[in-house]
$ cat target28.txt   # compact mmCIF, C-alpha atoms
# COMPACT_ATOMS: atom_id res chain seq x y z
CA MET A 42 69.64 115.71 113.00
CA LEU A 43 70.96 114.06 116.14
CA ASP A 44 68.72 113.63 119.19
CA VAL A 45 71.39 114.99 121.51
CA GLU A 46 69.27 114.83 124.67
CA GLY A 47 68.51 111.17 123.97
CA ILE A 48 72.18 110.52 123.28
CA ARG A 49 73.22 112.18 126.54
CA ASN A 50 71.05 109.73 128.45
CA ASP A 51 73.31 106.92 127.17
CA PHE A 52 76.37 108.42 128.93
CA PRO A 53 76.26 107.90 132.69
CA ILE A 54 79.23 110.16 133.41
CA LEU A 55 77.41 113.20 132.03
CA ALA A 56 75.03 113.07 135.00
CA ARG A 57 77.80 113.73 137.51
CA GLN A 58 78.83 117.05 138.99
CA VAL A 59 82.31 118.58 139.23
CA HIS A 60 82.94 121.05 142.05
CA GLY A 61 79.19 121.15 142.60
CA LYS A 62 78.46 122.12 139.00
CA PRO A 63 77.02 119.95 136.18
CA LEU A 64 79.80 118.44 134.10
CA VAL A 65 80.32 120.13 130.72
CA TYR A 66 82.73 117.83 128.92
CA LEU A 67 84.59 119.60 126.10
CA ASP A 68 87.67 117.38 125.86
CA SER A 69 86.63 114.61 123.47
CA ALA A 70 89.62 115.21 121.19
CA ALA A 71 91.71 113.84 124.06
CA THR A 72 89.34 111.00 124.87
CA SER A 73 85.61 110.54 124.42
CA GLN A 74 83.11 109.43 127.02
CA LYS A 75 81.57 105.94 126.75
CA PRO A 76 77.90 105.05 126.29
CA ARG A 77 76.12 102.37 128.26
CA GLN A 78 76.06 100.14 125.19
CA VAL A 79 79.87 100.01 125.15
CA LEU A 80 80.15 99.68 128.93
CA GLU A 81 77.65 96.81 128.86
CA THR A 82 79.70 95.05 126.18
CA LEU A 83 82.75 95.22 128.45
CA ARG A 84 80.78 93.94 131.42
CA GLU A 85 79.33 91.08 129.38
CA TYR A 86 82.77 89.94 128.22
CA TYR A 87 84.31 89.90 131.69
CA GLU A 88 81.29 88.40 133.42
CA GLU A 89 80.13 85.87 130.85
CA TYR A 90 82.94 84.65 128.56
CA ASN A 91 86.26 86.04 129.74
CA SER A 92 88.90 83.84 128.12
CA ASN A 93 91.94 84.04 125.90
CA VAL A 94 91.42 83.82 122.17
CA HIS A 95 92.42 81.49 119.32
CA ARG A 96 93.98 78.54 121.13
CA GLY A 97 91.40 77.37 123.67
CA ILE A 98 89.16 74.44 122.82
CA HIS A 99 86.39 75.18 125.29
CA ALA A 100 83.15 77.14 125.21
CA LEU A 101 84.43 80.41 126.70
CA ALA A 102 87.51 80.55 124.49
CA GLU A 103 85.49 79.77 121.40
CA LYS A 104 82.98 82.54 122.14
CA ALA A 105 85.77 85.03 122.96
CA THR A 106 87.53 84.17 119.70
CA GLU A 107 84.32 84.43 117.71
CA ARG A 108 83.49 87.87 119.15
CA TYR A 109 87.07 89.13 118.82
CA GLU A 110 87.33 88.19 115.14
CA ALA A 111 83.80 89.47 114.50
CA ALA A 112 85.01 92.79 115.92
CA ARG A 113 87.81 92.82 113.36
CA GLU A 114 85.28 92.30 110.57
CA ARG A 115 83.08 95.05 112.04
CA VAL A 116 85.96 97.54 112.10
CA ALA A 117 86.85 96.63 108.52
CA ARG A 118 83.30 97.47 107.42
CA PHE A 119 83.34 100.68 109.46
CA ILE A 120 86.26 102.12 107.45
CA GLY A 121 85.46 100.45 104.13
CA ALA A 122 88.38 98.00 104.18
CA ALA A 123 88.35 95.04 101.81
CA GLY A 124 88.31 92.57 104.67
CA PRO A 125 89.52 91.65 108.16
CA GLN A 126 92.99 90.78 106.86
CA ASN A 127 93.59 94.53 106.52
CA ILE A 128 92.86 95.25 110.19
CA ILE A 129 95.58 94.98 112.82
CA PHE A 130 94.60 95.64 116.42
CA THR A 131 97.08 97.80 118.32
CA ARG A 132 96.97 99.72 121.59
CA ASN A 133 96.36 103.11 119.96
CA THR A 134 97.18 105.36 117.00
CA THR A 135 100.71 105.84 118.31
CA GLU A 136 101.51 102.14 118.29
CA ALA A 137 99.95 101.74 114.85
CA ILE A 138 102.19 104.46 113.39
CA ASN A 139 105.24 103.01 115.12
CA LEU A 140 104.41 99.61 113.65
CA VAL A 141 104.68 101.11 110.16
CA ALA A 142 107.84 103.01 111.08
CA TYR A 143 109.62 99.92 112.36
CA ALA A 144 108.22 97.20 110.10
CA TRP A 145 107.91 99.07 106.81
CA ALA A 146 110.14 102.16 106.87
CA ARG A 147 113.29 101.07 108.69
CA PRO A 148 114.05 98.08 106.45
CA ARG A 149 113.30 100.00 103.24
CA LEU A 150 114.49 103.58 103.53
CA HIS A 151 118.05 104.65 102.85
CA GLU A 152 120.15 107.79 102.81
CA GLY A 153 118.66 110.29 100.40
CA ASP A 154 115.10 108.95 100.64
CA GLU A 155 112.53 111.47 101.82
CA ILE A 156 109.56 111.39 104.18
CA LEU A 157 107.09 114.21 103.65
CA LEU A 158 105.28 115.59 106.72
CA THR A 159 103.45 118.73 107.82
CA PRO A 160 104.13 121.07 110.77
CA MET A 161 100.64 120.30 112.13
CA GLU A 162 101.39 116.66 112.99
CA HIS A 163 100.81 115.21 116.45
CA HIS A 164 104.07 114.06 118.05
CA SER A 165 102.96 110.48 117.38
CA ASN A 166 103.25 111.21 113.66
CA LEU A 167 106.55 113.06 114.02
CA ILE A 168 108.81 111.23 116.46
CA PRO A 169 108.61 107.79 114.79
CA TRP A 170 109.78 109.38 111.53
CA GLN A 171 112.52 111.32 113.28
CA LEU A 172 113.78 108.00 114.64
CA VAL A 173 113.53 106.40 111.19
CA ALA A 174 115.50 109.27 109.66
CA ARG A 175 118.17 109.01 112.34
CA SER A 176 118.62 105.27 111.79
CA THR A 177 118.39 105.17 107.98
CA GLY A 178 119.73 108.51 106.78
CA ALA A 179 116.39 109.42 105.23
CA ARG A 180 115.45 113.09 105.16
CA LEU A 181 112.35 114.67 106.65
CA ARG A 182 110.72 117.42 104.63
CA TYR A 183 107.83 119.63 105.69
CA VAL A 184 104.99 121.10 103.66
CA GLN A 185 104.32 124.78 104.26
CA LEU A 186 101.00 125.91 105.71
CA THR A 187 98.76 128.79 104.73
CA PRO A 188 98.26 131.58 107.31
CA ASP A 189 95.00 129.98 108.50
CA GLY A 190 96.65 126.59 109.01
CA ARG A 191 95.85 124.64 105.86
CA ILE A 192 98.09 122.72 103.47
CA ASP A 193 99.85 124.98 100.98
CA TRP A 194 99.14 122.91 97.88
CA THR A 195 101.90 124.54 95.83
CA SER A 196 104.42 123.66 98.53
CA PHE A 197 103.15 120.10 98.74
CA LEU A 198 103.48 119.48 95.01
CA ALA A 199 106.90 121.14 94.91
CA LEU A 200 108.25 118.82 97.62
CA LEU A 201 106.87 115.62 96.07
CA GLY A 202 109.38 113.92 93.85
CA PRO A 203 111.23 110.71 92.98
CA LYS A 204 112.97 110.72 96.38
CA THR A 205 109.68 110.80 98.28
CA ARG A 206 109.06 107.36 99.75
CA LEU A 207 106.34 108.16 102.27
CA VAL A 208 103.84 110.91 102.99
CA ALA A 209 102.60 110.85 106.60
CA VAL A 210 99.78 113.29 107.29
CA THR A 211 97.03 113.89 109.79
CA HIS A 212 93.52 113.77 108.38
CA VAL A 213 92.25 116.34 110.90
CA SER A 214 94.55 118.54 112.99
CA ASN A 215 94.02 118.08 116.72
CA VAL A 216 94.81 121.78 117.26
CA LEU A 217 93.66 123.69 114.19
CA GLY A 218 90.68 121.55 113.24
CA THR A 219 91.98 121.63 109.66
CA ILE A 220 90.62 118.84 107.46
CA ASN A 221 93.40 117.99 105.04
CA PRO A 222 92.66 117.01 101.41
CA VAL A 223 93.88 113.47 101.97
CA ARG A 224 92.35 111.90 98.87
CA GLU A 225 94.08 114.44 96.62
CA MET A 226 97.34 114.08 98.56
CA VAL A 227 97.24 110.30 98.17
CA ALA A 228 96.67 110.55 94.41
CA ALA A 229 99.57 112.97 94.00
CA ALA A 230 101.88 110.87 96.17
CA HIS A 231 101.07 107.68 94.28
CA ARG A 232 101.96 109.40 91.01
CA VAL A 233 105.56 109.70 92.22
CA GLY A 234 105.59 106.18 93.71
CA ALA A 235 105.26 107.19 97.37
CA LEU A 236 103.10 105.48 99.99
CA VAL A 237 100.77 107.43 102.27
CA LEU A 238 100.03 106.96 105.96
CA VAL A 239 97.01 108.82 107.32
CA ASP A 240 96.69 109.65 111.02
CA GLY A 241 92.95 109.23 111.46
CA ALA A 242 92.79 109.75 115.23
CA GLN A 243 90.64 112.87 114.86
CA SER A 244 88.77 111.92 111.69
CA VAL A 245 87.51 108.35 112.07
CA PRO A 246 85.48 109.18 115.22
CA HIS A 247 83.80 112.19 113.61
CA MET A 248 83.16 111.61 109.92
CA PRO A 249 82.74 108.88 107.32
CA VAL A 250 86.17 107.51 106.36
CA ASP A 251 86.48 104.97 103.53
CA VAL A 252 90.02 103.72 103.04
CA ARG A 253 89.36 102.41 99.56
CA GLU A 254 87.93 105.76 98.50
CA LEU A 255 90.94 107.56 99.98
CA ASP A 256 93.25 104.88 98.51
CA CYS A 257 95.66 105.41 101.43
CA ASP A 258 98.22 102.70 102.11
CA PHE A 259 97.92 102.95 105.89
CA LEU A 260 95.37 104.44 108.28
CA ALA A 261 95.85 104.60 112.05
CA PHE A 262 93.23 105.45 114.68
CA SER A 263 92.31 104.92 118.35
CA GLY A 264 89.20 103.45 119.91
CA HIS A 265 89.16 105.70 122.98
CA LYS A 266 88.41 108.80 120.87
CA MET A 267 85.34 107.13 119.33
CA LEU A 268 83.40 105.90 122.39
CA ALA A 269 85.45 102.71 122.91
CA PRO A 270 87.83 101.92 125.81
CA THR A 271 91.44 102.97 126.10
CA GLY A 272 94.09 100.48 125.03
CA ILE A 273 92.60 99.52 121.67
CA GLY A 274 93.65 100.98 118.35
CA VAL A 275 93.73 100.01 114.70
CA LEU A 276 96.19 99.96 111.86
CA TYR A 277 94.65 99.52 108.44
CA GLY A 278 97.08 98.52 105.71
CA LYS A 279 96.76 97.49 102.10
CA GLU A 280 97.13 93.74 101.97
CA GLU A 281 100.00 93.67 99.48
CA VAL A 282 101.99 96.14 101.60
CA LEU A 283 101.36 94.27 104.85
CA GLU A 284 102.37 90.99 103.24
CA GLU A 285 105.81 92.41 102.41
CA MET A 286 106.45 93.58 105.99
CA GLU A 287 108.15 91.62 108.73
CA PRO A 288 106.52 91.49 112.20
CA PHE A 289 106.84 94.44 114.54
CA LEU A 290 106.78 92.27 117.70
CA GLY A 291 107.66 88.63 118.22
CA GLY A 292 106.09 86.12 120.60
CA GLY A 293 102.96 84.05 121.01
CA GLU A 294 100.01 84.25 118.62
CA MET A 295 101.96 85.57 115.62
CA ILE A 296 103.87 82.38 114.80
CA GLY A 297 103.27 79.60 112.34
CA GLU A 298 105.95 77.16 113.54
CA VAL A 299 108.86 77.62 115.94
CA THR A 300 112.10 75.67 116.31
CA LEU A 301 115.09 76.48 118.47
CA GLU A 302 116.75 78.06 115.45
CA SER A 303 113.97 79.80 113.54
CA ALA A 304 110.28 80.56 113.18
CA THR A 305 107.64 81.21 110.55
CA TRP A 306 104.81 83.70 110.80
CA ARG A 307 101.06 83.38 110.71
CA GLU A 308 99.11 84.91 107.86
CA LEU A 309 97.60 88.38 108.00
CA PRO A 310 96.59 90.01 110.20
CA TRP A 311 97.82 87.85 113.07
CA LYS A 312 101.54 88.05 112.25
CA PHE A 313 101.43 91.59 113.66
CA GLU A 314 99.55 90.73 116.88
CA ALA A 315 102.05 89.12 119.24
CA GLY A 316 100.83 88.23 122.72
CA THR A 317 97.40 88.33 124.29
CA PRO A 318 95.48 91.21 122.71
CA ASN A 319 93.01 93.61 124.27
CA ILE A 320 90.12 91.26 123.65
CA ALA A 321 87.51 93.20 125.59
CA GLY A 322 88.65 96.45 124.02
CA ALA A 323 88.31 95.12 120.48
CA ILE A 324 84.83 93.75 121.15
CA ALA A 325 83.80 97.05 122.74
CA LEU A 326 85.24 98.93 119.75
CA ALA A 327 82.83 96.99 117.55
CA ALA A 328 80.00 98.12 119.82
CA ALA A 329 81.18 101.71 119.40
CA CYS A 330 81.11 101.26 115.62
CA ASP A 331 77.53 100.00 115.90
CA TYR A 332 76.57 103.02 118.01
CA LEU A 333 78.05 105.57 115.59
CA ASP A 334 76.61 103.86 112.53
CA ALA A 335 73.16 103.84 114.14
CA LEU A 336 73.41 107.62 114.57
CA GLY A 337 74.65 108.10 111.02
CA ARG A 338 78.21 109.29 110.53
CA GLU A 339 77.20 112.12 108.21
CA GLU A 340 74.93 113.36 111.00
CA VAL A 341 77.77 112.99 113.51
CA TYR A 342 80.01 115.08 111.25
CA ARG A 343 77.36 117.76 110.67
CA HIS A 344 76.69 118.03 114.39
CA GLY A 345 80.40 118.51 115.16
CA LEU A 346 80.78 121.09 112.42
CA GLU A 347 77.74 123.04 113.65
CA LEU A 348 79.13 123.10 117.18
CA ALA A 349 82.56 124.23 115.97
CA GLU A 350 80.99 127.00 113.87
CA TYR A 351 78.88 128.13 116.83
CA ALA A 352 81.92 128.10 119.12
CA LEU A 353 83.93 130.18 116.65
CA ARG A 354 81.17 132.80 116.51
CA ARG A 355 80.67 132.93 120.27
CA LEU A 356 84.38 133.06 121.10
CA GLN A 357 84.87 135.94 118.67
CA GLU A 358 82.59 137.99 120.92
CA ILE A 359 85.16 137.96 123.74
CA ASP A 360 87.75 140.75 123.64
CA GLY A 361 91.31 139.45 123.70
CA VAL A 362 90.51 135.98 122.31
CA THR A 363 92.60 134.75 119.39
CA LEU A 364 91.32 131.76 117.41
CA TYR A 365 93.52 129.35 115.46
CA GLY A 366 92.84 127.37 112.32
CA PRO A 367 90.28 127.88 109.54
CA GLY A 368 87.55 130.38 110.32
CA PRO A 369 83.77 130.11 110.01
CA GLY A 370 82.48 128.84 106.69
CA VAL A 371 85.34 126.38 106.16
CA ALA A 372 84.80 122.66 106.82
CA ARG A 373 86.70 121.70 109.96
CA GLY A 374 86.92 119.20 112.76
CA ALA A 375 84.82 119.40 115.92
CA LEU A 376 87.22 121.50 117.97
CA VAL A 377 88.41 125.06 118.50
CA ALA A 378 91.79 126.19 119.85
CA PHE A 379 92.21 129.69 121.26
CA THR A 380 94.18 131.97 123.56
CA MET A 381 93.09 134.88 125.77
CA LYS A 382 95.29 137.93 126.08
CA GLY A 383 97.03 138.05 129.46
CA ILE A 384 95.81 134.63 130.67
CA HIS A 385 97.81 131.42 130.27
CA PRO A 386 95.78 128.50 128.87
CA HIS A 387 96.51 126.48 132.01
CA ASP A 388 94.91 129.22 134.11
CA ILE A 389 91.93 129.30 131.75
CA SER A 390 91.48 125.57 132.17
CA THR A 391 91.75 125.81 135.96
CA ILE A 392 89.05 128.46 136.20
CA LEU A 393 86.77 126.59 133.80
CA ASP A 394 87.21 123.44 135.86
CA GLN A 395 85.81 125.26 138.89
CA ASP A 396 82.67 125.74 136.81
CA GLY A 397 82.55 122.04 135.91
CA ILE A 398 83.84 122.64 132.38
CA ALA A 399 86.52 120.28 131.09
CA ILE A 400 88.78 121.53 128.29
CA ARG A 401 92.39 120.81 127.32
CA ALA A 402 95.28 123.28 127.74
CA GLY A 403 98.90 123.03 126.60
CA HIS A 404 100.63 122.17 123.35
CA HIS A 405 98.39 119.14 122.69
CA CYS A 406 101.39 117.00 121.66
CA ALA A 407 102.02 119.44 118.82
CA GLN A 408 104.93 121.61 119.93
CA PRO A 409 106.26 122.37 116.42
CA LEU A 410 102.82 123.61 115.40
CA HIS A 411 102.64 125.89 118.42
CA ARG A 412 106.05 127.32 117.51
CA TRP A 413 104.64 127.98 114.03
CA LEU A 414 101.65 129.70 115.68
CA ASN A 415 104.13 131.62 117.86
CA VAL A 416 102.39 130.70 121.11
CA PRO A 417 103.63 128.36 123.86
CA ALA A 418 100.20 126.80 124.42
CA THR A 419 96.52 127.04 123.51
CA ALA A 420 93.24 126.22 125.17
CA ARG A 421 91.17 123.70 123.23
CA ALA A 422 87.47 122.97 123.43
CA SER A 423 86.46 119.85 121.53
CA PHE A 424 83.00 118.53 120.87
CA TYR A 425 81.20 115.27 120.21
CA ILE A 426 77.75 113.76 119.82
CA TYR A 427 76.70 114.51 123.41
CA ASN A 428 77.51 118.24 123.32
CA THR A 429 75.07 121.10 122.74
CA CYS A 430 75.22 124.79 121.93
CA GLY A 431 74.29 125.26 125.59
CA ASP A 432 77.63 123.69 126.55
CA ILE A 433 79.39 126.31 124.43
CA ASP A 434 77.33 129.07 126.04
CA SER A 435 78.52 127.78 129.43
CA LEU A 436 82.10 127.84 128.14
CA VAL A 437 81.78 131.45 126.98
CA GLN A 438 80.16 132.56 130.23
CA SER A 439 83.00 130.98 132.20
CA LEU A 440 85.59 132.62 129.95
CA TYR A 441 84.06 136.02 130.69
CA ARG A 442 84.39 135.17 134.39
CA ALA A 443 88.04 134.23 133.86
CA ARG A 444 88.73 137.54 132.14
CA GLU A 445 87.02 139.50 134.91
CA TYR A 446 88.98 137.64 137.56
CA PHE A 447 92.34 138.37 135.94
CA GLU A 448 91.44 141.99 135.29
CA TYR A 449 90.65 142.31 139.02
CA VAL A 450 93.84 140.54 140.10
CA LEU A 451 96.04 142.63 137.80
CA ARG A 452 94.48 145.94 138.81

$ encode --input "target28.txt" --output "structure tokens"
Amino acid sequence: MLDVEGIRNDFPILARQVHGKPLVYLDSAATSQKPRQVLETLREYYEEYNSNVHRGIHALAEKATERYEAARERVARFIGAAGPQNIIFTRNTTEAINLVAYAWARPRLHEGDEILLTPMEHHSNLIPWQLVARSTGARLRYVQLTPDGRIDWTSFLALLGPKTRLVAVTHVSNVLGTINPVREMVAAAHRVGALVLVDGAQSVPHMPVDVRELDCDFLAFSGHKMLAPTGIGVLYGKEEVLEEMEPFLGGGEMIGEVTLESATWRELPWKFEAGTPNIAGAIALAAACDYLDALGREEVYRHGLELAEYALRRLQEIDGVTLYGPGPGVARGALVAFTMKGIHPHDISTILDQDGIAIRAGHHCAQPLHRWLNVPATARASFYIYNTCGDIDSLVQSLYRAREYFEYVLR
């Protein structure tokens, strides 16, 4: 069981007030807050050994390189990768997925090939494949969902076939909280010769993820959703697949030898890391991995699930609230999306903000999913290691206030 009060003391921002009220931060699915241990790692880098990596032959550069590459090894261990050669540092999940779209899919897919997706994907796992389909003639196909927002397994198996080249699927929906059966999807896809890319933006921060257990070919995730800074992300890829791919970007760092006419590439993973990387971000990401592992990722997952279950029960008490995604008793991510009859989610968020409560409102970069839900937008409360049931009680109390306000205005 997590010591949430002790954890909260590690997060300086949670001590601040918003509009004169204590901050209740329920927007971690968008970006998490950062503990002192991560902030101190950033400070240490910039104050003590700020330097570029790999090429410098002086003390600062050598320490920066050592810590940067140690961070790569730390991230590899965090997700169960075979080694650091599988870990490519990117800016975020979006860039990691685009790297696969440009460096793997575009050179290999042709007219008639198929990419299998779901309607619950974040735009970052939709638009790159739309662009690939437009440029190659490949076809996008979409798995049907059950009424409560889970994969329809019969539909998935029916769409898999010899034309399927890639399955791209979110591990955890950023709207529904659905946890998809990725391991089973990977096994089925591999039986027809397809590769699988997993969007782990909402799973890696919240639960144990082992890429070798999942057997996925690619996994993408962002540091800023798991206590690390913005601007650092990760693409995991199987070594044999990465070896076959050409670089996504060209420039410094990723070259072996350059002439005026041609160039050769460095070995993995550096052939995909052109230019000066986010050195401080990578080192701080390793610190975030240390922090989460010290808590125990099974405990982190259980805590998020308990909060989501509690939120579902409390929100059901409010007349006019509609909840989306799997209901209580079904394993889900640490978030809840909902609407309130007669109140736009943006107005909900505005009123909650006056009470110091931060949630997300809109389509959450998942417009096709919201069309499937038949709503233009939802309000989303998302939870992490520093949240308590008391935070959810504050949310519910403020939602009652929002309903009373609109009932008065519309009288």

$ closest_residue --input "target28.txt" --among "A:Ala422, A:Leu236, A:Ala328, A:Leu348" --to "Ile400 of chain A" --atoms "all atoms listed in the file"
A:Ala422

$ residues_around --input "target28.txt" --residues "Ser263 of chain A" --least-positions-apart "6" --cutoff "12 Å" --atoms "all atoms listed in the file" --output "ChimeraX atom specification"
/A:70-73,116,129-138,240-246,269-277,322-323,326,329

$ closest_residue --input "target28.txt" --among "A:Val282, A:Leu217, A:Leu410, A:Val208" --to "Val371 of chain A" --atoms "only C-alpha atoms"
A:Leu217

$ closest_residue --input "target28.txt" --among "A:Pro288, A:Pro76, A:Gly47, A:Gly61" --to "Tyr332 of chain A" --atoms "only C-alpha atoms"
A:Pro76

$ residues_around --input "target28.txt" --residues "segment 190-196 of chain A" --least-positions-apart "4" --cutoff "12 Å" --atoms "only C-alpha atoms" --output "short mmCIF file (atom, residue, chain, number, x, y, z; two decimals) with C-alpha atoms, in the coordinates of the input"
data_model
loop_
_atom_site.label_atom_id
_atom_site.label_comp_id
_atom_site.auth_asym_id
_atom_site.auth_seq_id
_atom_site.Cartn_x
_atom_site.Cartn_y
_atom_site.Cartn_z
CA LEU A 157 107.09 114.21 103.65
CA LEU A 158 105.28 115.59 106.72
CA THR A 159 103.45 118.73 107.82
CA PRO A 160 104.13 121.07 110.77
CA MET A 161 100.64 120.30 112.13
CA GLU A 162 101.39 116.66 112.99
CA ARG A 182 110.72 117.42 104.63
CA TYR A 183 107.83 119.63 105.69
CA VAL A 184 104.99 121.10 103.66
CA GLN A 185 104.32 124.78 104.26
CA LEU A 186 101.00 125.91 105.71
CA LEU A 200 108.25 118.82 97.62
CA LEU A 201 106.87 115.62 96.07
CA GLY A 202 109.38 113.92 93.85
CA VAL A 210 99.78 113.29 107.29
CA THR A 211 97.03 113.89 109.79
CA HIS A 212 93.52 113.77 108.38
CA VAL A 213 92.25 116.34 110.90
CA SER A 214 94.55 118.54 112.99
CA ASN A 215 94.02 118.08 116.72
CA VAL A 216 94.81 121.78 117.26
CA LEU A 217 93.66 123.69 114.19
CA GLY A 218 90.68 121.55 113.24
CA THR A 219 91.98 121.63 109.66
CA ILE A 220 90.62 118.84 107.46
CA ASN A 221 93.40 117.99 105.04
CA PRO A 222 92.66 117.01 101.41
CA VAL A 223 93.88 113.47 101.97
CA GLU A 225 94.08 114.44 96.62
CA MET A 226 97.34 114.08 98.56
CA ALA A 229 99.57 112.97 94.00
CA LEU A 364 91.32 131.76 117.41
CA TYR A 365 93.52 129.35 115.46
CA GLY A 366 92.84 127.37 112.32
CA PRO A 367 90.28 127.88 109.54
CA GLY A 368 87.55 130.38 110.32
CA VAL A 371 85.34 126.38 106.16
CA ALA A 372 84.80 122.66 106.82
CA ARG A 373 86.70 121.70 109.96
CA ALA A 378 91.79 126.19 119.85
CA LEU A 410 102.82 123.61 115.40
CA HIS A 411 102.64 125.89 118.42
CA TRP A 413 104.64 127.98 114.03
CA LEU A 414 101.65 129.70 115.68
#

$ closest_residue --input "target28.txt" --among "A:Gln357, A:Ile324, A:Asp258, A:Gly337" --to "Arg84 of chain A" --atoms "all atoms listed in the file"
A:Ile324

$ closest_residue --input "target28.txt" --among "A:Asp396, A:Leu55, A:Leu181, A:Leu140" --to "Arg442 of chain A" --atoms "all atoms listed in the file"
A:Asp396

$ atom_distance --input "target28.txt" --atom1 "atom CA of Phe259 of chain A" --atom2 "atom CA of Met295 of chain A"
20.3 Å

$ residues_around --input "target28.txt" --residues "Gly397 of chain A" --least-positions-apart "6" --cutoff "8 Å" --atoms "all atoms listed in the file" --output "number ranges by chain"
A: 58-65

$ write_last_selection --input "target28.txt" --atoms "C-alpha atoms" --output "PDB file, in the frame of the given file"
ATOM      1  CA  GLN A  58      78.830 117.050 138.990  1.00  0.00           C
ATOM      2  CA  VAL A  59      82.310 118.580 139.230  1.00  0.00           C
ATOM      3  CA  HIS A  60      82.940 121.050 142.050  1.00  0.00           C
ATOM      4  CA  GLY A  61      79.190 121.150 142.600  1.00  0.00           C
ATOM      5  CA  LYS A  62      78.460 122.120 139.000  1.00  0.00           C
ATOM      6  CA  PRO A  63      77.020 119.950 136.180  1.00  0.00           C
ATOM      7  CA  LEU A  64      79.800 118.440 134.100  1.00  0.00           C
ATOM      8  CA  VAL A  65      80.320 120.130 130.720  1.00  0.00           C
TER       9      VAL A  65
END

$ atom_distance --input "target28.txt" --atom1 "atom CA of Asp44 of chain A" --atom2 "atom CA of Ala112 of chain A"
26.7 Å

$ residues_near_point --input "target28.txt" --point "(92.3, 97.1, 103.8)" --cutoff "9 Å" --atoms "all atoms listed in the file" --output "ChimeraX atom specification"
/A:117,120-128,252-253,258-259,277-280

$ residues_around --input "target28.txt" --residues "Cys430 of chain A" --least-positions-apart "3" --cutoff "9 Å" --atoms "all atoms listed in the file" --output "ChimeraX atom specification"
/A:347-348,351-352,433-435

$ residues_around --input "target28.txt" --residues "His247 of chain A" --least-positions-apart "2" --cutoff "8 Å" --atoms "all atoms listed in the file" --output "number ranges by chain"
A: 243-245, 249, 267, 338, 341-342, 345, 374-375, 425

$ closest_residue --input "target28.txt" --among "A:Val94, A:Ile168, A:Leu283, A:Leu80" --to "Glu107 of chain A" --atoms "only C-alpha atoms"
A:Val94

$ atom_distance --input "target28.txt" --atom1 "atom CA of Pro369 of chain A" --atom2 "atom CA of Met248 of chain A"
18.5 Å

$ residues_near_point --input "target28.txt" --point "(116.4, 105.7, 105.4)" --cutoff "10 Å" --atoms "all atoms listed in the file" --output "list in words"
Ala146, Arg147, Pro148, Arg149, Leu150, His151, Glu152, Gly153, Asp154, Glu155, Ile156, Trp170, Leu172, Val173, Ala174, Arg175, Ser176, Thr177, Gly178, Ala179, Arg180, Leu181 and Arg206 of chain A
